[in-house]
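Colleague: mmCIF, N, CA and C atoms, file upload.cif:
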data_my_file
loop_
_atom_site.group_PDB
_atom_site.id
_atom_site.type_symbol
_atom_site.label_atom_id
_atom_site.label_comp_id
_atom_site.auth_asym_id
_atom_site.auth_seq_id
_atom_site.Cartn_x
_atom_site.Cartn_y
_atom_site.Cartn_z
ATOM 1 N N MET Y 1 -39.656 27.024 64.433
ATOM 2 C CA MET Y 1 -39.948 25.980 63.472
ATOM 3 C C MET Y 1 -39.324 24.684 63.987
ATOM 4 N N THR Y 2 -40.105 23.620 64.043
ATOM 5 C CA THR Y 2 -39.580 22.326 64.497
ATOM 6 C C THR Y 2 -38.847 21.642 63.343
ATOM 7 N N GLU Y 3 -38.094 20.582 63.673
ATOM 8 C CA GLU Y 3 -37.380 19.857 62.619
ATOM 9 C C GLU Y 3 -38.358 19.226 61.640
ATOM 10 N N GLY Y 4 -39.501 18.739 62.155
ATOM 11 C CA GLY Y 4 -40.520 18.157 61.276
ATOM 12 C C GLY Y 4 -41.070 19.166 60.289
ATOM 13 N N GLU Y 5 -41.310 20.392 60.766
ATOM 14 C CA GLU Y 5 -41.801 21.452 59.888
ATOM 15 C C GLU Y 5 -40.748 21.809 58.842
ATOM 16 N N VAL Y 6 -39.481 21.814 59.262
ATOM 17 C CA VAL Y 6 -38.401 22.120 58.320
ATOM 18 C C VAL Y 6 -38.356 21.060 57.225
ATOM 19 N N ILE Y 7 -38.471 19.807 57.623
ATOM 20 C CA ILE Y 7 -38.441 18.730 56.629
ATOM 21 C C ILE Y 7 -39.586 18.895 55.640
ATOM 22 N N GLU Y 8 -40.780 19.203 56.161
ATOM 23 C CA GLU Y 8 -41.928 19.422 55.273
ATOM 24 C C GLU Y 8 -41.654 20.569 54.301
ATOM 25 N N GLN Y 9 -41.106 21.657 54.809
ATOM 26 C CA GLN Y 9 -40.815 22.817 53.959
ATOM 27 C C GLN Y 9 -39.778 22.461 52.895
ATOM 28 N N LEU Y 10 -38.759 21.712 53.305
ATOM 29 C CA LEU Y 10 -37.709 21.345 52.348
ATOM 30 C C LEU Y 10 -38.232 20.377 51.288
ATOM 31 N N GLU Y 11 -39.183 19.513 51.677
ATOM 32 C CA GLU Y 11 -39.736 18.571 50.714
ATOM 33 C C GLU Y 11 -40.548 19.280 49.623
ATOM 34 N N ILE Y 12 -41.210 20.379 49.972
ATOM 35 C CA ILE Y 12 -41.993 21.090 48.959
ATOM 36 C C ILE Y 12 -41.225 22.265 48.350
ATOM 37 N N PHE Y 13 -39.985 22.464 48.783
ATOM 38 C CA PHE Y 13 -39.187 23.585 48.290
ATOM 39 C C PHE Y 13 -39.065 23.609 46.766
ATOM 40 N N PRO Y 14 -38.839 22.452 46.112
ATOM 41 C CA PRO Y 14 -38.753 22.491 44.640
ATOM 42 C C PRO Y 14 -40.030 23.025 43.995
ATOM 43 N N GLU Y 15 -41.197 22.737 44.585
ATOM 44 C CA GLU Y 15 -42.459 23.254 44.042
ATOM 45 C C GLU Y 15 -42.489 24.774 44.118
ATOM 46 N N TRP Y 16 -41.992 25.337 45.226
ATOM 47 C CA TRP Y 16 -41.974 26.797 45.372
ATOM 48 C C TRP Y 16 -41.142 27.417 44.251
ATOM 49 N N ASN Y 17 -40.050 26.779 43.962
ATOM 50 C CA ASN Y 17 -39.165 27.299 42.927
ATOM 51 C C ASN Y 17 -39.886 27.333 41.578
ATOM 52 N N ARG Y 18 -40.615 26.272 41.263
ATOM 53 C CA ARG Y 18 -41.329 26.213 39.985
ATOM 54 C C ARG Y 18 -42.436 27.271 39.914
ATOM 55 N N GLU Y 19 -43.056 27.546 41.052
ATOM 56 C CA GLU Y 19 -44.170 28.485 41.076
ATOM 57 C C GLU Y 19 -43.727 29.908 41.410
ATOM 58 N N ASP Y 20 -42.424 30.106 41.550
ATOM 59 C CA ASP Y 20 -41.868 31.406 41.928
ATOM 60 C C ASP Y 20 -42.418 31.916 43.256
ATOM 61 N N ARG Y 21 -42.691 30.990 44.170
ATOM 62 C CA ARG Y 21 -43.110 31.358 45.519
ATOM 63 C C ARG Y 21 -41.922 31.099 46.434
ATOM 64 N N TRP Y 22 -41.436 32.101 47.090
ATOM 65 C CA TRP Y 22 -40.282 31.962 47.966
ATOM 66 C C TRP Y 22 -40.669 32.371 49.379
ATOM 67 N N LEU Y 23 -39.946 31.845 50.347
ATOM 68 C CA LEU Y 23 -40.144 32.245 51.732
ATOM 69 C C LEU Y 23 -39.659 33.676 51.918
ATOM 70 N N ASP Y 24 -40.240 34.370 52.899
ATOM 71 C CA ASP Y 24 -39.681 35.690 53.194
ATOM 72 C C ASP Y 24 -38.341 35.485 53.896
ATOM 73 N N VAL Y 25 -37.557 36.524 54.014
ATOM 74 C CA VAL Y 25 -36.180 36.432 54.518
ATOM 75 C C VAL Y 25 -36.137 35.828 55.923
ATOM 76 N N GLY Y 26 -37.052 36.232 56.807
ATOM 77 C CA GLY Y 26 -37.052 35.714 58.175
ATOM 78 C C GLY Y 26 -37.319 34.220 58.223
ATOM 79 N N ASP Y 27 -38.308 33.749 57.440
ATOM 80 C CA ASP Y 27 -38.619 32.317 57.408
ATOM 81 C C ASP Y 27 -37.474 31.521 56.789
ATOM 82 N N MET Y 28 -36.855 32.071 55.751
ATOM 83 C CA MET Y 28 -35.728 31.390 55.102
ATOM 84 C C MET Y 28 -34.559 31.255 56.071
ATOM 85 N N GLU Y 29 -34.296 32.322 56.823
ATOM 86 C CA GLU Y 29 -33.205 32.280 57.793
ATOM 87 C C GLU Y 29 -33.485 31.226 58.865
ATOM 88 N N GLU Y 30 -34.726 31.167 59.344
ATOM 89 C CA GLU Y 30 -35.091 30.171 60.359
ATOM 90 C C GLU Y 30 -34.964 28.763 59.799
ATOM 91 N N LEU Y 31 -35.393 28.575 58.561
ATOM 92 C CA LEU Y 31 -35.292 27.278 57.897
ATOM 93 C C LEU Y 31 -33.837 26.826 57.800
ATOM 94 N N VAL Y 32 -32.988 27.714 57.350
ATOM 95 C CA VAL Y 32 -31.565 27.403 57.185
ATOM 96 C C VAL Y 32 -30.918 27.118 58.543
ATOM 97 N N ASN Y 33 -31.200 27.941 59.553
ATOM 98 C CA ASN Y 33 -30.610 27.741 60.880
ATOM 99 C C ASN Y 33 -31.046 26.425 61.502
ATOM 100 N N THR Y 34 -32.313 26.063 61.325
ATOM 101 C CA THR Y 34 -32.796 24.786 61.865
ATOM 102 C C THR Y 34 -32.125 23.619 61.148
ATOM 103 N N CYS Y 35 -31.942 23.731 59.849
ATOM 104 C CA CYS Y 35 -31.230 22.685 59.085
ATOM 105 C C CYS Y 35 -29.794 22.545 59.566
ATOM 106 N N ILE Y 36 -29.145 23.670 59.796
ATOM 107 C CA ILE Y 36 -27.757 23.642 60.276
ATOM 108 C C ILE Y 36 -27.676 22.959 61.631
ATOM 109 N N LYS Y 37 -28.600 23.293 62.550
ATOM 110 C CA LYS Y 37 -28.600 22.666 63.875
ATOM 111 C C LYS Y 37 -28.799 21.162 63.766
ATOM 112 N N ALA Y 38 -29.741 20.747 62.909
ATOM 113 C CA ALA Y 38 -30.013 19.318 62.744
ATOM 114 C C ALA Y 38 -28.788 18.598 62.187
ATOM 115 N N LEU Y 39 -28.137 19.200 61.204
ATOM 116 C CA LEU Y 39 -26.947 18.573 60.620
ATOM 117 C C LEU Y 39 -25.791 18.523 61.616
ATOM 118 N N GLU Y 40 -25.653 19.550 62.453
ATOM 119 C CA GLU Y 40 -24.604 19.537 63.479
ATOM 120 C C GLU Y 40 -24.865 18.425 64.484
ATOM 121 N N GLU Y 41 -26.136 18.227 64.843
ATOM 122 C CA GLU Y 41 -26.477 17.149 65.771
ATOM 123 C C GLU Y 41 -26.160 15.785 65.159
ATOM 124 N N ILE Y 42 -26.483 15.614 63.887
ATOM 125 C CA ILE Y 42 -26.162 14.354 63.203
ATOM 126 C C ILE Y 42 -24.658 14.128 63.183
ATOM 127 N N ARG Y 43 -23.903 15.183 62.932
ATOM 128 C CA ARG Y 43 -22.439 15.063 62.914
ATOM 129 C C ARG Y 43 -21.910 14.624 64.272
ATOM 130 N N GLN Y 44 -22.474 15.162 65.354
ATOM 131 C CA GLN Y 44 -22.053 14.772 66.707
ATOM 132 C C GLN Y 44 -22.359 13.306 66.974
ATOM 133 N N TYR Y 45 -23.546 12.841 66.565
ATOM 134 C CA TYR Y 45 -23.883 11.430 66.748
ATOM 135 C C TYR Y 45 -22.953 10.525 65.952
ATOM 136 N N ARG Y 46 -22.618 10.928 64.752
ATOM 137 C CA ARG Y 46 -21.712 10.114 63.936
ATOM 138 C C ARG Y 46 -20.320 10.061 64.535
ATOM 139 N N ALA Y 47 -19.892 11.148 65.189
ATOM 140 C CA ALA Y 47 -18.576 11.168 65.842
ATOM 141 C C ALA Y 47 -18.540 10.186 67.004
ATOM 142 N N ILE Y 48 -19.668 10.012 67.680
ATOM 143 C CA ILE Y 48 -19.753 9.074 68.806
ATOM 144 C C ILE Y 48 -19.642 7.647 68.296
ATOM 145 N N GLY Y 49 -20.266 7.358 67.189
ATOM 146 C CA GLY Y 49 -20.264 6.015 66.623
ATOM 147 C C GLY Y 49 -21.683 5.562 66.352
ATOM 148 N N THR Y 50 -21.775 4.410 65.753
ATOM 149 C CA THR Y 50 -23.094 3.869 65.441
ATOM 150 C C THR Y 50 -23.748 3.347 66.711
ATOM 151 N N VAL Y 51 -25.036 3.089 66.626
ATOM 152 C CA VAL Y 51 -25.766 2.527 67.768
ATOM 153 C C VAL Y 51 -25.154 1.188 68.161
ATOM 154 N N GLU Y 52 -24.782 0.389 67.171
ATOM 155 C CA GLU Y 52 -24.184 -0.919 67.450
ATOM 156 C C GLU Y 52 -22.854 -0.765 68.181
ATOM 157 N N GLU Y 53 -22.043 0.197 67.749
ATOM 158 C CA GLU Y 53 -20.758 0.426 68.415
ATOM 159 C C GLU Y 53 -20.966 0.869 69.864
ATOM 160 N N CYS Y 54 -21.962 1.700 70.089
ATOM 161 C CA CYS Y 54 -22.261 2.157 71.454
ATOM 162 C C CYS Y 54 -22.734 0.996 72.320
ATOM 163 N N ARG Y 55 -23.574 0.115 71.752
ATOM 164 C CA ARG Y 55 -24.037 -1.068 72.502
ATOM 165 C C ARG Y 55 -22.868 -1.969 72.879
ATOM 166 N N GLU Y 56 -21.968 -2.187 71.926
ATOM 167 C CA GLU Y 56 -20.800 -3.024 72.200
ATOM 168 C C GLU Y 56 -19.934 -2.418 73.303
ATOM 169 N N ALA Y 57 -19.720 -1.118 73.245
ATOM 170 C CA ALA Y 57 -18.925 -0.446 74.276
ATOM 171 C C ALA Y 57 -19.595 -0.582 75.635
ATOM 172 N N ARG Y 58 -20.916 -0.484 75.657
ATOM 173 C CA ARG Y 58 -21.671 -0.622 76.921
ATOM 174 C C ARG Y 58 -21.515 -2.036 77.475
ATOM 175 N N LYS Y 59 -21.574 -3.029 76.609
ATOM 176 C CA LYS Y 59 -21.403 -4.425 77.052
ATOM 177 C C LYS Y 59 -20.025 -4.622 77.683
ATOM 178 N N ARG Y 60 -18.992 -3.993 77.107
ATOM 179 C CA ARG Y 60 -17.628 -4.165 77.616
ATOM 180 C C ARG Y 60 -17.437 -3.518 78.981
ATOM 181 N N GLN Y 61 -18.360 -2.614 79.371
ATOM 182 C CA GLN Y 61 -18.258 -1.982 80.682
ATOM 183 C C GLN Y 61 -18.713 -2.915 81.805
ATOM 184 N N ASN Y 62 -19.445 -3.967 81.460
ATOM 185 C CA ASN Y 62 -19.842 -4.963 82.456
ATOM 186 C C ASN Y 62 -18.717 -5.982 82.577
ATOM 187 N N GLY Y 63 -18.275 -6.230 83.795
ATOM 188 C CA GLY Y 63 -17.153 -7.136 84.002
ATOM 189 C C GLY Y 63 -17.453 -8.564 83.588
ATOM 190 N N LYS Y 64 -16.486 -9.191 82.936
ATOM 191 C CA LYS Y 64 -16.558 -10.614 82.591
ATOM 192 C C LYS Y 64 -15.402 -11.313 83.282
ATOM 193 N N LYS Y 65 -15.661 -12.499 83.780
ATOM 194 C CA LYS Y 65 -14.621 -13.264 84.467
ATOM 195 C C LYS Y 65 -13.530 -13.674 83.485
ATOM 196 N N VAL Y 66 -12.295 -13.493 83.924
ATOM 197 C CA VAL Y 66 -11.156 -13.911 83.095
ATOM 198 C C VAL Y 66 -11.065 -15.426 83.108
ATOM 199 N N THR Y 67 -10.451 -15.965 82.075
ATOM 200 C CA THR Y 67 -10.215 -17.400 81.994
ATOM 201 C C THR Y 67 -8.767 -17.637 82.375
ATOM 202 N N LEU Y 68 -8.553 -18.378 83.453
ATOM 203 C CA LEU Y 68 -7.178 -18.660 83.885
ATOM 204 C C LEU Y 68 -6.594 -19.780 83.049
ATOM 205 N N SER Y 69 -5.270 -19.764 82.906
ATOM 206 C CA SER Y 69 -4.600 -20.821 82.150
ATOM 207 C C SER Y 69 -4.702 -22.127 82.917
ATOM 208 N N GLN Y 70 -4.299 -23.208 82.286
ATOM 209 C CA GLN Y 70 -4.402 -24.537 82.893
ATOM 210 C C GLN Y 70 -3.716 -24.604 84.253
ATOM 211 N N ASN Y 71 -2.507 -24.046 84.349
ATOM 212 C CA ASN Y 71 -1.790 -24.111 85.619
ATOM 213 C C ASN Y 71 -2.024 -22.870 86.472
ATOM 214 N N GLY Y 72 -2.866 -21.942 86.006
ATOM 215 C CA GLY Y 72 -3.264 -20.789 86.814
ATOM 216 C C GLY Y 72 -2.174 -19.761 86.971
ATOM 217 N N CYS Y 73 -1.161 -20.073 87.718
ATOM 218 C CA CYS Y 73 -0.089 -19.123 87.989
ATOM 219 C C CYS Y 73 1.253 -19.770 87.692
ATOM 220 N N VAL Y 74 2.189 -18.962 87.266
ATOM 221 C CA VAL Y 74 3.548 -19.433 87.020
ATOM 222 C C VAL Y 74 4.497 -18.469 87.711
ATOM 223 N N LYS Y 75 5.195 -18.940 88.734
ATOM 224 C CA LYS Y 75 6.173 -18.132 89.467
ATOM 225 C C LYS Y 75 5.591 -16.784 89.900
ATOM 226 N N ASP Y 76 4.493 -16.802 90.621
ATOM 227 C CA ASP Y 76 3.815 -15.609 91.129
ATOM 228 C C ASP Y 76 3.278 -14.692 90.035
ATOM 229 N N LYS Y 77 3.267 -15.169 88.824
ATOM 230 C CA LYS Y 77 2.697 -14.367 87.738
ATOM 231 C C LYS Y 77 1.392 -15.017 87.290
ATOM 232 N N ILE Y 78 0.378 -14.188 87.175
ATOM 233 C CA ILE Y 78 -0.925 -14.686 86.739
ATOM 234 C C ILE Y 78 -0.904 -14.806 85.225
ATOM 235 N N LYS Y 79 -1.452 -15.899 84.716
ATOM 236 C CA LYS Y 79 -1.608 -16.035 83.275
ATOM 237 C C LYS Y 79 -3.082 -16.317 83.025
ATOM 238 N N ALA Y 80 -3.718 -15.388 82.333
ATOM 239 C CA ALA Y 80 -5.146 -15.501 82.081
ATOM 240 C C ALA Y 80 -5.437 -15.007 80.668
ATOM 241 N N PHE Y 81 -6.680 -15.145 80.284
ATOM 242 C CA PHE Y 81 -7.109 -14.738 78.952
ATOM 243 C C PHE Y 81 -8.327 -13.825 79.063
ATOM 244 N N CYS Y 82 -8.362 -12.816 78.232
ATOM 245 C CA CYS Y 82 -9.521 -11.930 78.180
ATOM 246 C C CYS Y 82 -10.716 -12.749 77.679
ATOM 247 N N PRO Y 83 -11.855 -12.670 78.370
ATOM 248 C CA PRO Y 83 -13.021 -13.440 77.941
ATOM 249 C C PRO Y 83 -13.663 -12.904 76.659
ATOM 250 N N ASN Y 84 -13.282 -11.714 76.261
ATOM 251 C CA ASN Y 84 -13.889 -11.099 75.083
ATOM 252 C C ASN Y 84 -13.054 -11.341 73.823
ATOM 253 N N CYS Y 85 -11.753 -11.057 73.890
ATOM 254 C CA CYS Y 85 -10.924 -11.160 72.675
ATOM 255 C C CYS Y 85 -9.851 -12.243 72.761
ATOM 256 N N GLY Y 86 -9.659 -12.819 73.948
ATOM 257 C CA GLY Y 86 -8.687 -13.894 74.094
ATOM 258 C C GLY Y 86 -7.252 -13.449 74.326
ATOM 259 N N LEU Y 87 -7.020 -12.158 74.506
ATOM 260 C CA LEU Y 87 -5.672 -11.658 74.753
ATOM 261 C C LEU Y 87 -5.071 -12.343 75.981
ATOM 262 N N VAL Y 88 -3.823 -12.767 75.872
ATOM 263 C CA VAL Y 88 -3.134 -13.370 77.008
ATOM 264 C C VAL Y 88 -2.737 -12.254 77.960
ATOM 265 N N ILE Y 89 -3.128 -12.404 79.216
ATOM 266 C CA ILE Y 89 -2.820 -11.410 80.243
ATOM 267 C C ILE Y 89 -1.895 -12.089 81.240
ATOM 268 N N HIS Y 90 -0.668 -11.605 81.351
ATOM 269 C CA HIS Y 90 0.215 -12.142 82.371
ATOM 270 C C HIS Y 90 0.956 -11.001 83.034
ATOM 271 N N GLY Y 91 1.141 -11.163 84.286
ATOM 272 C CA GLY Y 91 1.803 -10.147 85.069
ATOM 273 C C GLY Y 91 1.541 -10.395 86.538
ATOM 274 N N LYS Y 92 2.102 -9.573 87.390
ATOM 275 C CA LYS Y 92 1.933 -9.761 88.825
ATOM 276 C C LYS Y 92 0.656 -9.110 89.343
ATOM 277 N N ARG Y 93 0.128 -8.147 88.612
ATOM 278 C CA ARG Y 93 -1.082 -7.500 89.116
ATOM 279 C C ARG Y 93 -2.257 -7.796 88.195
ATOM 280 N N MET Y 94 -3.417 -7.746 88.793
ATOM 281 C CA MET Y 94 -4.630 -8.023 88.047
ATOM 282 C C MET Y 94 -5.165 -6.698 87.492
ATOM 283 N N ILE Y 95 -5.062 -6.523 86.187
ATOM 284 C CA ILE Y 95 -5.503 -5.273 85.576
ATOM 285 C C ILE Y 95 -7.024 -5.239 85.495
ATOM 286 N N GLY Y 96 -7.586 -4.036 85.445
ATOM 287 C CA GLY Y 96 -9.037 -3.882 85.447
ATOM 288 C C GLY Y 96 -9.686 -4.012 84.082
ATOM 289 N N TYR Y 97 -8.913 -3.692 83.014
ATOM 290 C CA TYR Y 97 -9.472 -3.715 81.666
ATOM 291 C C TYR Y 97 -8.478 -4.342 80.707
ATOM 292 N N CYS Y 98 -8.999 -5.006 79.692
ATOM 293 C CA CYS Y 98 -8.149 -5.580 78.654
ATOM 294 C C CYS Y 98 -7.535 -4.441 77.836
ATOM 295 N N SER Y 99 -6.230 -4.512 77.610
ATOM 296 C CA SER Y 99 -5.551 -3.456 76.855
ATOM 297 C C SER Y 99 -5.835 -3.542 75.356
ATOM 298 N N CYS Y 100 -6.396 -4.656 74.912
ATOM 299 C CA CYS Y 100 -6.675 -4.824 73.490
ATOM 300 C C CYS Y 100 -8.088 -4.352 73.124
ATOM 301 N N CYS Y 101 -9.103 -4.874 73.834
ATOM 302 C CA CYS Y 101 -10.486 -4.570 73.447
ATOM 303 C C CYS Y 101 -11.232 -3.678 74.432
ATOM 304 N N GLY Y 102 -10.659 -3.424 75.600
ATOM 305 C CA GLY Y 102 -11.305 -2.554 76.576
ATOM 306 C C GLY Y 102 -12.309 -3.247 77.482
ATOM 307 N N GLN Y 103 -12.409 -4.568 77.389
ATOM 308 C CA GLN Y 103 -13.351 -5.314 78.224
ATOM 309 C C GLN Y 103 -12.985 -5.169 79.685
ATOM 310 N N LYS Y 104 -13.983 -4.861 80.534
ATOM 311 C CA LYS Y 104 -13.742 -4.817 81.980
ATOM 312 C C LYS Y 104 -13.562 -6.254 82.448
ATOM 313 N N LEU Y 105 -12.519 -6.470 83.256
ATOM 314 C CA LEU Y 105 -12.179 -7.824 83.685
ATOM 315 C C LEU Y 105 -12.594 -8.058 85.137
ATOM 316 N N ASP Y 106 -13.198 -9.193 85.372
ATOM 317 C CA ASP Y 106 -13.633 -9.587 86.709
ATOM 318 C C ASP Y 106 -12.727 -10.708 87.191
ATOM 319 N N TRP Y 107 -11.950 -10.434 88.248
ATOM 320 C CA TRP Y 107 -10.986 -11.397 88.767
ATOM 321 C C TRP Y 107 -11.530 -12.158 89.968
ATOM 322 N N SER Y 108 -12.799 -11.977 90.321
ATOM 323 C CA SER Y 108 -13.342 -12.658 91.500
ATOM 324 C C SER Y 108 -13.442 -14.168 91.236
ATOM 325 N N GLU Y 109 -13.459 -14.889 92.328
ATOM 326 C CA GLU Y 109 -13.509 -16.363 92.225
ATOM 327 C C GLU Y 109 -14.864 -16.833 91.797
#
I need this file expressed as structure tokens, please.
Modeller:
Amino acid sequence: MTEGEVIEQLEIFPEWNREDRWLDVGDMEELVNTCIKALEEIRQYRAIGTVEECREARKRQNGKKVTLSQNGCVKDKIKAFCPNCGLVIHGKRMIGYCSCCGQKLDWSE
């Protein structure tokens, strides 16, 4: 039974009840198992996040150039800003991702 067929069966299920027409045990078991599988799949998608959240995460995987401060470097320490959230990044090494929002950072000239 496909998910579409299950949905159709569930939509007319109240009518069966009124008419005292019930599925046989094998069909009922298949109906219930297909519903369980569909609900488990929905639960997995919800655990991943919404489509919008997934799109945003995908965008952050593409590197964006950091914004350097006015004086660029101070005593061999880089001072820059995340192009996505504006977090101040300072240190001696150029990190690959923003620790605040997860944006991939592009340090190329």
Colleague: Would you please work out which residue, of Y:Ile42, Y:Gly49, Y:Met28, Y:Cys85, is nearest to Cys100 of chain Y when using only N, CA and C atoms?
Modeller: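 Among Y:Ile42, Y:Gly49, Y:Met28, Y:Cys85, it is Y:Cys85 that comes nearest to Cys100 of chain Y.
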Colleague: Run the PyMOL selection byres ((chain Y and resi 66) around 7) mentally over the shown coordinates, then write out the matched residues as a ChimeraX atom specification, using the chain letters and numbers from the document.
Modeller: /Y:64-65,67-68,80-83,105-108
Colleague: Report the residues retrieved by the PyMOL selection byres ((chain Y and resi 54-60) around 8) from the displayed file, expressed as a list in words.
Modeller: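 Applying the expression gives Ile48, Gly49, Thr50, Val51, Glu52, Glu53, Gln61, Asn62, Gly63, Lys64, Cys101, Gly102, Gln103, Lys104 and Leu105 of chain Y.
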Colleague: Measure the distance from atom CA of Glu109 of chain Y to atom CA of Leu87 of chain Y in Å and round it to one decimal.
Modeller: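 Between these atoms lies a distance of 19.7 Å.
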Colleague: Mind pulling up the distance from atom CA of Val6 of chain Y to atom CA of Leu31 of chain Y?
Modeller: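 Atom CA of Leu31 of chain Y sits 6.0 Å away from atom CA of Val6 of chain Y.
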Colleague: What is the distance, in Å and to one decimal place, between atom CA of Glu41 of chain Y and atom CA of Thr2 of chain Y?
Modeller: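 So the answer is 14.1 Å.
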